[in-house]
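Coordinates from run_14.pdb are shown below (PDB, C-alpha atoms).
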ATOM      1  CA  MET L   1       6.730  23.886  15.963  1.00  0.00           C
ATOM      2  CA  ILE L   2       7.232  25.277  12.457  1.00  0.00           C
ATOM      3  CA  VAL L   3      10.270  23.057  11.966  1.00  0.00           C
ATOM      4  CA  ARG L   4       8.243  20.018  13.043  1.00  0.00           C
ATOM      5  CA  HIS L   5       5.476  20.901  10.596  1.00  0.00           C
ATOM      6  CA  GLY L   6       8.045  21.362   7.845  1.00  0.00           C
ATOM      7  CA  ILE L   7       9.661  17.999   8.473  1.00  0.00           C
ATOM      8  CA  ALA L   8       6.267  16.284   8.581  1.00  0.00           C
ATOM      9  CA  LEU L   9       5.242  17.986   5.339  1.00  0.00           C
ATOM     10  CA  VAL L  10       8.419  16.944   3.520  1.00  0.00           C
ATOM     11  CA  LEU L  11       8.057  13.338   4.727  1.00  0.00           C
ATOM     12  CA  LEU L  12       4.398  13.349   3.687  1.00  0.00           C
ATOM     13  CA  ILE L  13       5.104  14.709   0.192  1.00  0.00           C
ATOM     14  CA  VAL L  14       7.942  12.238  -0.425  1.00  0.00           C
ATOM     15  CA  GLY L  15       5.846   9.332   0.896  1.00  0.00           C
ATOM     16  CA  VAL L  16       2.844  10.233  -1.258  1.00  0.00           C
ATOM     17  CA  ALA L  17       5.144  10.661  -4.278  1.00  0.00           C
ATOM     18  CA  VAL L  18       6.618   7.186  -3.711  1.00  0.00           C
ATOM     19  CA  LEU L  19       3.130   5.692  -3.415  1.00  0.00           C
ATOM     20  CA  VAL L  20       1.830   7.416  -6.563  1.00  0.00           C
ATOM     21  CA  LEU L  21       4.914   6.436  -8.585  1.00  0.00           C
ATOM     22  CA  SER L  22       4.548   2.839  -7.375  1.00  0.00           C
ATOM     23  CA  CYS L  23       0.923   2.752  -8.456  1.00  0.00           C
ATOM     24  CA  LEU L  24       1.712   4.244 -11.861  1.00  0.00           C
ATOM     25  CA  GLY L  25       4.541   1.733 -12.224  1.00  0.00           C
ATOM     26  CA  VAL L  26       2.164  -1.112 -11.435  1.00  0.00           C
ATOM     27  CA  LEU L  27      -0.201   0.247 -14.081  1.00  0.00           C
ATOM     28  CA  LEU L  28       2.417   0.712 -16.806  1.00  0.00           C
ATOM     29  CA  ALA L  29       4.861  -2.170 -16.234  1.00  0.00           C
ATOM     30  CA  PRO L  30       4.364  -4.977 -18.764  1.00  0.00           C
ATOM     31  CA  GLY L  31       4.499  -8.286 -16.818  1.00  0.00           C
ATOM     32  CA  ALA L  32       3.811  -9.727 -13.374  1.00  0.00           C
ATOM     33  CA  TYR L  33       7.450  -9.678 -12.211  1.00  0.00           C
ATOM     34  CA  GLU L  34       7.871  -6.090 -13.391  1.00  0.00           C
ATOM     35  CA  LYS L  35       4.668  -5.054 -11.638  1.00  0.00           C
ATOM     36  CA  LEU L  36       5.920  -6.710  -8.433  1.00  0.00           C
ATOM     37  CA  HIS L  37       9.087  -4.604  -8.587  1.00  0.00           C
ATOM     38  CA  PHE L  38       6.925  -1.485  -8.443  1.00  0.00           C
ATOM     39  CA  ALA L  39       4.524  -2.913  -5.842  1.00  0.00           C
ATOM     40  CA  ALA L  40       7.170  -3.602  -3.184  1.00  0.00           C
ATOM     41  CA  PRO L  41       8.229   0.026  -2.420  1.00  0.00           C
ATOM     42  CA  ALA L  42       4.609   1.070  -1.771  1.00  0.00           C
ATOM     43  CA  SER L  43       4.437  -0.769   1.544  1.00  0.00           C
ATOM     44  CA  SER L  44       8.081  -0.828   2.606  1.00  0.00           C
ATOM     45  CA  LEU L  45       9.018   2.751   1.664  1.00  0.00           C
ATOM     46  CA  GLY L  46       5.944   4.891   0.912  1.00  0.00           C
ATOM     47  CA  GLY L  47       3.942   3.627   3.871  1.00  0.00           C
ATOM     48  CA  VAL L  48       6.853   4.057   6.266  1.00  0.00           C
ATOM     49  CA  LEU L  49       7.499   7.628   5.084  1.00  0.00           C
ATOM     50  CA  VAL L  50       3.834   8.599   5.551  1.00  0.00           C
ATOM     51  CA  GLY L  51       3.869   6.893   8.962  1.00  0.00           C
ATOM     52  CA  MET L  52       6.960   8.889   9.930  1.00  0.00           C
ATOM     53  CA  ALA L  53       5.184  12.088   8.866  1.00  0.00           C
ATOM     54  CA  LEU L  54       2.224  11.143  11.072  1.00  0.00           C
ATOM     55  CA  ALA L  55       4.552  10.339  13.970  1.00  0.00           C
ATOM     56  CA  VAL L  56       6.443  13.643  13.643  1.00  0.00           C
ATOM     57  CA  GLU L  57       3.200  15.616  13.479  1.00  0.00           C
ATOM     58  CA  ALA L  58       1.775  13.287  16.106  1.00  0.00           C
ATOM     59  CA  ALA L  59      -0.917  13.350  18.510  1.00  0.00           C
ATOM     60  CA  ALA L  60      -3.721  15.440  17.158  1.00  0.00           C
ATOM     61  CA  VAL L  61      -5.632  12.179  17.182  1.00  0.00           C
ATOM     62  CA  SER L  62      -3.799   9.830  19.512  1.00  0.00           C
ATOM     63  CA  ASP L  63      -0.307   9.211  20.815  1.00  0.00           C
ATOM     64  CA  GLY L  64       0.765   7.869  17.452  1.00  0.00           C
ATOM     65  CA  PHE L  65       1.053   4.274  18.590  1.00  0.00           C
ATOM     66  CA  LYS L  66      -1.681   2.905  16.334  1.00  0.00           C
ATOM     67  CA  GLU L  67      -0.324   4.738  13.286  1.00  0.00           C
ATOM     68  CA  MET L  68       3.138   3.340  13.855  1.00  0.00           C
ATOM     69  CA  PHE L  69       1.812  -0.151  14.530  1.00  0.00           C
ATOM     70  CA  THR L  70      -0.263  -0.087  11.324  1.00  0.00           C
ATOM     71  CA  VAL L  71       2.728   1.106   9.308  1.00  0.00           C
ATOM     72  CA  LEU L  72       4.865  -1.578  10.953  1.00  0.00           C
ATOM     73  CA  VAL L  73       2.304  -4.213   9.920  1.00  0.00           C
ATOM     74  CA  LEU L  74       2.429  -2.892   6.350  1.00  0.00           C
ATOM     75  CA  ALA L  75       6.235  -2.834   6.308  1.00  0.00           C
ATOM     76  CA  ILE L  76       6.482  -6.413   7.600  1.00  0.00           C
ATOM     77  CA  THR L  77       3.684  -7.975   5.555  1.00  0.00           C
ATOM     78  CA  GLY L  78       4.544  -6.187   2.287  1.00  0.00           C
ATOM     79  CA  PRO L  79       7.703  -8.172   1.451  1.00  0.00           C
ATOM     80  CA  VAL L  80       6.011 -11.407   2.585  1.00  0.00           C
ATOM     81  CA  VAL L  81       3.108 -10.873   0.173  1.00  0.00           C
ATOM     82  CA  THR L  82       5.480  -9.829  -2.615  1.00  0.00           C
ATOM     83  CA  THR L  83       7.523 -12.996  -2.150  1.00  0.00           C
ATOM     84  CA  ALA L  84       4.412 -15.198  -2.049  1.00  0.00           C
ATOM     85  CA  THR L  85       3.091 -13.594  -5.240  1.00  0.00           C
ATOM     86  CA  ALA L  86       6.459 -14.014  -6.975  1.00  0.00           C
ATOM     87  CA  ARG L  87       6.413 -17.699  -5.992  1.00  0.00           C
ATOM     88  CA  ALA L  88       2.933 -18.012  -7.475  1.00  0.00           C
ATOM     89  CA  VAL L  89       4.129 -16.443 -10.749  1.00  0.00           C
ATOM     90  CA  TRP L  90       7.128 -18.757 -10.833  1.00  0.00           C
ATOM     91  CA  ALA L  91       5.001 -21.852 -10.127  1.00  0.00           C
ATOM     92  CA  ARG L  92       2.519 -20.920 -12.855  1.00  0.00           C
ATOM     93  CA  ASP L  93       5.312 -20.331 -15.374  1.00  0.00           C
ATOM     94  CA  ASP L  94       6.812 -23.681 -14.366  1.00  0.00           C
ATOM     95  CA  GLN L  95       3.492 -25.467 -14.844  1.00  0.00           C
ATOM     96  CA  GLU L  96       2.986 -23.895 -18.264  1.00  0.00           C
ATOM     97  CA  GLU L  97       6.459 -24.959 -19.380  1.00  0.00           C
ATOM     98  CA  ALA L  98       5.790 -28.531 -18.219  1.00  0.00           C
ATOM     99  CA  ARG L  99       2.662 -28.777 -20.385  1.00  0.00           C
TER     100      ARG L  99
ATOM    101  CA  MET T 100      -8.663  21.384   3.802  1.00  0.00           C
ATOM    102  CA  ASN T 101      -5.288  20.555   5.331  1.00  0.00           C
ATOM    103  CA  ALA T 102      -2.236  18.766   3.923  1.00  0.00           C
ATOM    104  CA  TRP T 103      -3.411  15.380   5.212  1.00  0.00           C
ATOM    105  CA  LEU T 104      -6.717  15.583   3.372  1.00  0.00           C
ATOM    106  CA  VAL T 105      -5.033  16.854   0.195  1.00  0.00           C
ATOM    107  CA  SER T 106      -2.623  13.903   0.350  1.00  0.00           C
ATOM    108  CA  ALA T 107      -5.501  11.481   0.876  1.00  0.00           C
ATOM    109  CA  THR T 108      -7.307  12.936  -2.153  1.00  0.00           C
ATOM    110  CA  VAL T 109      -4.170  12.726  -4.306  1.00  0.00           C
ATOM    111  CA  LEU T 110      -3.666   9.099  -3.269  1.00  0.00           C
ATOM    112  CA  LEU T 111      -7.300   8.242  -3.977  1.00  0.00           C
ATOM    113  CA  VAL T 112      -7.112   9.700  -7.490  1.00  0.00           C
ATOM    114  CA  ALA T 113      -3.519   9.056  -8.615  1.00  0.00           C
ATOM    115  CA  GLY T 114      -2.855   5.983  -6.457  1.00  0.00           C
ATOM    116  CA  LEU T 115      -6.004   3.945  -6.116  1.00  0.00           C
ATOM    117  CA  LEU T 116      -7.318   4.501  -9.641  1.00  0.00           C
ATOM    118  CA  PRO T 117      -4.315   2.874 -11.454  1.00  0.00           C
ATOM    119  CA  CYS T 118      -4.520  -0.078  -9.048  1.00  0.00           C
ATOM    120  CA  LEU T 119      -8.210  -0.536  -9.785  1.00  0.00           C
ATOM    121  CA  VAL T 120      -7.528  -0.388 -13.530  1.00  0.00           C
ATOM    122  CA  VAL T 121      -4.870  -3.111 -13.160  1.00  0.00           C
ATOM    123  CA  THR T 122      -7.243  -5.146 -10.975  1.00  0.00           C
ATOM    124  CA  MET T 123      -9.963  -4.994 -13.619  1.00  0.00           C
ATOM    125  CA  ARG T 124      -8.063  -5.345 -16.884  1.00  0.00           C
ATOM    126  CA  SER T 125      -4.967  -7.576 -16.586  1.00  0.00           C
ATOM    127  CA  GLY T 126      -4.152 -11.279 -16.193  1.00  0.00           C
ATOM    128  CA  SER T 127      -4.884 -13.144 -12.970  1.00  0.00           C
ATOM    129  CA  VAL T 128      -1.518 -12.646 -11.221  1.00  0.00           C
ATOM    130  CA  GLU T 129      -1.301  -9.031 -12.352  1.00  0.00           C
ATOM    131  CA  ARG T 130      -4.742  -8.476 -10.855  1.00  0.00           C
ATOM    132  CA  LEU T 131      -3.456  -9.841  -7.544  1.00  0.00           C
ATOM    133  CA  VAL T 132      -0.536  -7.378  -7.612  1.00  0.00           C
ATOM    134  CA  GLY T 133      -3.004  -4.540  -8.229  1.00  0.00           C
ATOM    135  CA  LEU T 134      -5.141  -5.724  -5.334  1.00  0.00           C
ATOM    136  CA  GLU T 135      -2.148  -5.836  -2.982  1.00  0.00           C
ATOM    137  CA  VAL T 136      -1.083  -2.291  -3.814  1.00  0.00           C
ATOM    138  CA  ALA T 137      -4.699  -1.099  -3.591  1.00  0.00           C
ATOM    139  CA  GLY T 138      -4.843  -2.521  -0.038  1.00  0.00           C
ATOM    140  CA  VAL T 139      -1.683  -0.642   0.962  1.00  0.00           C
ATOM    141  CA  VAL T 140      -2.904   2.624  -0.586  1.00  0.00           C
ATOM    142  CA  THR T 141      -6.322   2.350   1.071  1.00  0.00           C
ATOM    143  CA  THR T 142      -4.696   1.712   4.452  1.00  0.00           C
ATOM    144  CA  ILE T 143      -2.517   4.808   4.069  1.00  0.00           C
ATOM    145  CA  VAL T 144      -5.528   6.859   2.927  1.00  0.00           C
ATOM    146  CA  LEU T 145      -7.420   5.835   6.077  1.00  0.00           C
ATOM    147  CA  LEU T 146      -4.441   6.856   8.234  1.00  0.00           C
ATOM    148  CA  LEU T 147      -4.327  10.243   6.496  1.00  0.00           C
ATOM    149  CA  LEU T 148      -8.096  10.730   6.847  1.00  0.00           C
ATOM    150  CA  ALA T 149      -7.869   9.908  10.568  1.00  0.00           C
ATOM    151  CA  GLN T 150      -5.271  12.646  10.983  1.00  0.00           C
ATOM    152  CA  GLY T 151      -7.064  15.080   8.660  1.00  0.00           C
ATOM    153  CA  PHE T 152     -10.491  14.740  10.254  1.00  0.00           C
ATOM    154  CA  SER T 153      -9.122  14.061  13.791  1.00  0.00           C
ATOM    155  CA  ARG T 154     -11.170  10.870  13.950  1.00  0.00           C
ATOM    156  CA  ALA T 155      -9.293   8.172  15.863  1.00  0.00           C
ATOM    157  CA  VAL T 156     -11.790   5.494  14.872  1.00  0.00           C
ATOM    158  CA  TYR T 157     -10.367   5.442  11.326  1.00  0.00           C
ATOM    159  CA  LEU T 158      -7.084   4.189  12.788  1.00  0.00           C
ATOM    160  CA  ASP T 159      -8.745   0.964  13.930  1.00  0.00           C
ATOM    161  CA  LEU T 160     -10.191   0.556  10.460  1.00  0.00           C
ATOM    162  CA  ALA T 161      -6.749   1.064   8.883  1.00  0.00           C
ATOM    163  CA  LEU T 162      -5.169  -1.518  11.184  1.00  0.00           C
ATOM    164  CA  VAL T 163      -7.892  -4.094  10.503  1.00  0.00           C
ATOM    165  CA  LEU T 164      -7.631  -3.445   6.763  1.00  0.00           C
ATOM    166  CA  ALA T 165      -3.844  -3.892   6.826  1.00  0.00           C
ATOM    167  CA  LEU T 166      -4.183  -7.271   8.561  1.00  0.00           C
ATOM    168  CA  LEU T 167      -7.091  -8.520   6.425  1.00  0.00           C
ATOM    169  CA  SER T 168      -5.467  -7.309   3.214  1.00  0.00           C
ATOM    170  CA  PHE T 169      -2.377  -9.336   4.104  1.00  0.00           C
ATOM    171  CA  ALA T 170      -4.422 -12.458   4.856  1.00  0.00           C
ATOM    172  CA  GLY T 171      -6.476 -12.098   1.670  1.00  0.00           C
ATOM    173  CA  SER T 172      -3.429 -11.558  -0.523  1.00  0.00           C
ATOM    174  CA  MET T 173      -1.701 -14.627   0.946  1.00  0.00           C
ATOM    175  CA  VAL T 174      -4.784 -16.771   0.316  1.00  0.00           C
ATOM    176  CA  PHE T 175      -5.052 -15.555  -3.284  1.00  0.00           C
ATOM    177  CA  ALA T 176      -1.315 -16.102  -3.862  1.00  0.00           C
ATOM    178  CA  ARG T 177      -1.499 -19.687  -2.558  1.00  0.00           C
ATOM    179  CA  PHE T 178      -4.638 -20.324  -4.558  1.00  0.00           C
ATOM    180  CA  LEU T 179      -3.070 -19.038  -7.793  1.00  0.00           C
ATOM    181  CA  GLU T 180       0.074 -21.038  -7.089  1.00  0.00           C
ATOM    182  CA  ARG T 181      -1.629 -24.385  -6.607  1.00  0.00           C
ATOM    183  CA  TRP T 182      -4.966 -24.564  -8.358  1.00  0.00           C
ATOM    184  CA  LEU T 183      -5.225 -22.052 -11.152  1.00  0.00           C
TER     185      LEU T 183
END

Please express what this file holds, its structure, as structure tokens.
Amino acid sequence: MIVRHGIALVLLIVGVAVLVLSCLGVLLAPGAYEKLHFAAPASSLGGVLVGMALAVEAAAVSDGFKEMFTVLVLAITGPVVTTATARAVWARDDQEEAR
Amino acid sequence: MNAWLVSATVLLVAGLLPCLVVTMRSGSVERLVGLEVAGVVTTIVLLLLAQGFSRAVYLDLALVLALLSFAGSMVFARFLERWL
């Protein structure tokens, strides 16, 4: 029980640290591409780590299925949104160069 | 106050606040990036609050937010790509 709590706590702290560093990176990075580099780990790494912490601790609230499904949605949609945003940046740069 | 609620508070202050600043003060694409990260952080905060308060209903909210945040971000990205 104590070991499980410990593992969940470590996963939670690392996940929150990744999320906070990502957000600070998004704030401080100079351009859109650089901000995107910091935005990607928030969903694909930070969210998954917090979800793993919830799954290890599990089941105070439910059987953990909804938490894992939500984190899975974040992990799948995160790279898709990042790619779509990067394409938008590229298209806008392309249009500005053409003018 | 347990570890889940402390984490949610930390994320609200040190995670959501920078995203909101970016969303309010940068160029249009940078604002979209801030909005995307803010959606992820809010979803995680709702998951943590559900665990911290033992309220399963927040999990539904987190799932709906994750899906709608994805749809909204895709619409904004397409819009910025084609028309703005």

Residues within 12 Å of (-6.2, 4.4, -11.5), counting only C-alpha atoms, listed as a count of residues only: 30

Counting all atoms listed in the file, the option among T:Leu148, T:Leu166, T:Ala102, T:Met173 closest to Ala8 of chain L: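 When distances to Ala8 of chain L are compared using all atoms listed in the file, the smallest one comes from T:Ala102.
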
Run the PyMOL selection byres ((chain L) within 8 of (chain T)) against the file shown and list the residues it catches, as a PDB file with C-alpha atoms, keeping the file's coordinate frame.
ATOM      1  CA  LEU L   9       5.242  17.986   5.339  1.00  0.00           C
ATOM      2  CA  LEU L  12       4.398  13.349   3.687  1.00  0.00           C
ATOM      3  CA  ILE L  13       5.104  14.709   0.192  1.00  0.00           C
ATOM      4  CA  VAL L  16       2.844  10.233  -1.258  1.00  0.00           C
ATOM      5  CA  LEU L  19       3.130   5.692  -3.415  1.00  0.00           C
ATOM      6  CA  VAL L  20       1.830   7.416  -6.563  1.00  0.00           C
ATOM      7  CA  CYS L  23       0.923   2.752  -8.456  1.00  0.00           C
ATOM      8  CA  LEU L  24       1.712   4.244 -11.861  1.00  0.00           C
ATOM      9  CA  VAL L  26       2.164  -1.112 -11.435  1.00  0.00           C
ATOM     10  CA  LEU L  27      -0.201   0.247 -14.081  1.00  0.00           C
ATOM     11  CA  GLY L  31       4.499  -8.286 -16.818  1.00  0.00           C
ATOM     12  CA  ALA L  32       3.811  -9.727 -13.374  1.00  0.00           C
ATOM     13  CA  LYS L  35       4.668  -5.054 -11.638  1.00  0.00           C
ATOM     14  CA  LEU L  36       5.920  -6.710  -8.433  1.00  0.00           C
ATOM     15  CA  ALA L  39       4.524  -2.913  -5.842  1.00  0.00           C
ATOM     16  CA  ALA L  42       4.609   1.070  -1.771  1.00  0.00           C
ATOM     17  CA  SER L  43       4.437  -0.769   1.544  1.00  0.00           C
ATOM     18  CA  GLY L  47       3.942   3.627   3.871  1.00  0.00           C
ATOM     19  CA  VAL L  50       3.834   8.599   5.551  1.00  0.00           C
ATOM     20  CA  LEU L  54       2.224  11.143  11.072  1.00  0.00           C
ATOM     21  CA  ALA L  60      -3.721  15.440  17.158  1.00  0.00           C
ATOM     22  CA  VAL L  61      -5.632  12.179  17.182  1.00  0.00           C
ATOM     23  CA  SER L  62      -3.799   9.830  19.512  1.00  0.00           C
ATOM     24  CA  LYS L  66      -1.681   2.905  16.334  1.00  0.00           C
ATOM     25  CA  GLU L  67      -0.324   4.738  13.286  1.00  0.00           C
ATOM     26  CA  PHE L  69       1.812  -0.151  14.530  1.00  0.00           C
ATOM     27  CA  THR L  70      -0.263  -0.087  11.324  1.00  0.00           C
ATOM     28  CA  VAL L  73       2.304  -4.213   9.920  1.00  0.00           C
ATOM     29  CA  LEU L  74       2.429  -2.892   6.350  1.00  0.00           C
ATOM     30  CA  THR L  77       3.684  -7.975   5.555  1.00  0.00           C
ATOM     31  CA  GLY L  78       4.544  -6.187   2.287  1.00  0.00           C
ATOM     32  CA  VAL L  81       3.108 -10.873   0.173  1.00  0.00           C
ATOM     33  CA  ALA L  84       4.412 -15.198  -2.049  1.00  0.00           C
ATOM     34  CA  THR L  85       3.091 -13.594  -5.240  1.00  0.00           C
ATOM     35  CA  ARG L  87       6.413 -17.699  -5.992  1.00  0.00           C
ATOM     36  CA  ALA L  88       2.933 -18.012  -7.475  1.00  0.00           C
ATOM     37  CA  VAL L  89       4.129 -16.443 -10.749  1.00  0.00           C
ATOM     38  CA  ALA L  91       5.001 -21.852 -10.127  1.00  0.00           C
ATOM     39  CA  ARG L  92       2.519 -20.920 -12.855  1.00  0.00           C
TER      40      ARG L  92
END

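A straight line drawn from atom CA of Val18 of chain L to atom CA of Thr141 of chain T is 14.6 Å long.
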
Nearest residue to Arg4 of chain L from the set L:Ala53, L:Met68, L:Ala86, L:Val48 (distances using all atoms listed in the file):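 For Arg4 of chain L, the nearest of the candidates is L:Ala53.
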
Output as an mmCIF file, keeping the file's coordinate frame: segment 119-142 of chain T, completed with N, CA and C atoms.
data_model
loop_
_atom_site.group_PDB
_atom_site.id
_atom_site.type_symbol
_atom_site.label_atom_id
_atom_site.label_comp_id
_atom_site.auth_asym_id
_atom_site.auth_seq_id
_atom_site.Cartn_x
_atom_site.Cartn_y
_atom_site.Cartn_z
ATOM 1 N N LEU T 119 -6.911 0.030 -9.416
ATOM 2 C CA LEU T 119 -8.210 -0.536 -9.785
ATOM 3 C C LEU T 119 -8.243 -0.897 -11.270
ATOM 4 N N VAL T 120 -7.591 -0.068 -12.097
ATOM 5 C CA VAL T 120 -7.528 -0.388 -13.530
ATOM 6 C C VAL T 120 -6.785 -1.702 -13.739
ATOM 7 N N VAL T 121 -5.632 -1.857 -13.047
ATOM 8 C CA VAL T 121 -4.870 -3.111 -13.160
ATOM 9 C C VAL T 121 -5.711 -4.285 -12.651
ATOM 10 N N THR T 122 -6.435 -4.071 -11.558
ATOM 11 C CA THR T 122 -7.243 -5.146 -10.975
ATOM 12 C C THR T 122 -8.375 -5.571 -11.909
ATOM 13 N N MET T 123 -8.836 -4.654 -12.745
ATOM 14 C CA MET T 123 -9.963 -4.994 -13.619
ATOM 15 C C MET T 123 -9.542 -5.494 -14.991
ATOM 16 N N ARG T 124 -8.330 -5.149 -15.462
ATOM 17 C CA ARG T 124 -8.063 -5.345 -16.884
ATOM 18 C C ARG T 124 -6.881 -6.240 -17.224
ATOM 19 N N SER T 125 -6.166 -6.812 -16.244
ATOM 20 C CA SER T 125 -4.967 -7.576 -16.586
ATOM 21 C C SER T 125 -5.195 -9.071 -16.412
ATOM 22 N N GLY T 126 -4.077 -9.845 -16.453
ATOM 23 C CA GLY T 126 -4.152 -11.279 -16.193
ATOM 24 C C GLY T 126 -4.334 -11.549 -14.715
ATOM 25 N N SER T 127 -4.495 -12.828 -14.340
ATOM 26 C CA SER T 127 -4.884 -13.144 -12.970
ATOM 27 C C SER T 127 -3.832 -12.726 -11.932
ATOM 28 N N VAL T 128 -2.549 -13.001 -12.204
ATOM 29 C CA VAL T 128 -1.518 -12.646 -11.221
ATOM 30 C C VAL T 128 -1.327 -11.132 -11.165
ATOM 31 N N GLU T 129 -1.412 -10.489 -12.337
ATOM 32 C CA GLU T 129 -1.301 -9.031 -12.352
ATOM 33 C C GLU T 129 -2.435 -8.391 -11.549
ATOM 34 N N ARG T 130 -3.610 -8.983 -11.641
ATOM 35 C CA ARG T 130 -4.742 -8.476 -10.855
ATOM 36 C C ARG T 130 -4.453 -8.575 -9.360
ATOM 37 N N LEU T 131 -3.795 -9.680 -8.961
ATOM 38 C CA LEU T 131 -3.456 -9.841 -7.544
ATOM 39 C C LEU T 131 -2.481 -8.752 -7.096
ATOM 40 N N VAL T 132 -1.495 -8.439 -7.951
ATOM 41 C CA VAL T 132 -0.536 -7.378 -7.612
ATOM 42 C C VAL T 132 -1.277 -6.045 -7.431
ATOM 43 N N GLY T 133 -2.207 -5.766 -8.352
ATOM 44 C CA GLY T 133 -3.004 -4.540 -8.229
ATOM 45 C C GLY T 133 -3.802 -4.502 -6.944
ATOM 46 N N LEU T 134 -4.352 -5.653 -6.571
ATOM 47 C CA LEU T 134 -5.141 -5.724 -5.334
ATOM 48 C C LEU T 134 -4.273 -5.472 -4.103
ATOM 49 N N GLU T 135 -3.063 -6.035 -4.112
ATOM 50 C CA GLU T 135 -2.148 -5.836 -2.982
ATOM 51 C C GLU T 135 -1.808 -4.355 -2.802
ATOM 52 N N VAL T 136 -1.453 -3.709 -3.909
ATOM 53 C CA VAL T 136 -1.083 -2.291 -3.814
ATOM 54 C C VAL T 136 -2.303 -1.448 -3.429
ATOM 55 N N ALA T 137 -3.478 -1.829 -3.959
ATOM 56 C CA ALA T 137 -4.699 -1.099 -3.591
ATOM 57 C C ALA T 137 -4.955 -1.199 -2.086
ATOM 58 N N GLY T 138 -4.685 -2.359 -1.488
ATOM 59 C CA GLY T 138 -4.843 -2.521 -0.038
ATOM 60 C C GLY T 138 -3.912 -1.602 0.738
ATOM 61 N N VAL T 139 -2.653 -1.532 0.295
ATOM 62 C CA VAL T 139 -1.683 -0.642 0.962
ATOM 63 C C VAL T 139 -2.121 0.814 0.852
ATOM 64 N N VAL T 140 -2.518 1.221 -0.368
ATOM 65 C CA VAL T 140 -2.904 2.624 -0.586
ATOM 66 C C VAL T 140 -4.144 2.977 0.249
ATOM 67 N N THR T 141 -5.114 2.072 0.293
ATOM 68 C CA THR T 141 -6.322 2.350 1.071
ATOM 69 C C THR T 141 -6.000 2.469 2.557
ATOM 70 N N THR T 142 -5.104 1.619 3.050
ATOM 71 C CA THR T 142 -4.696 1.712 4.452
ATOM 72 C C THR T 142 -4.067 3.072 4.758
#
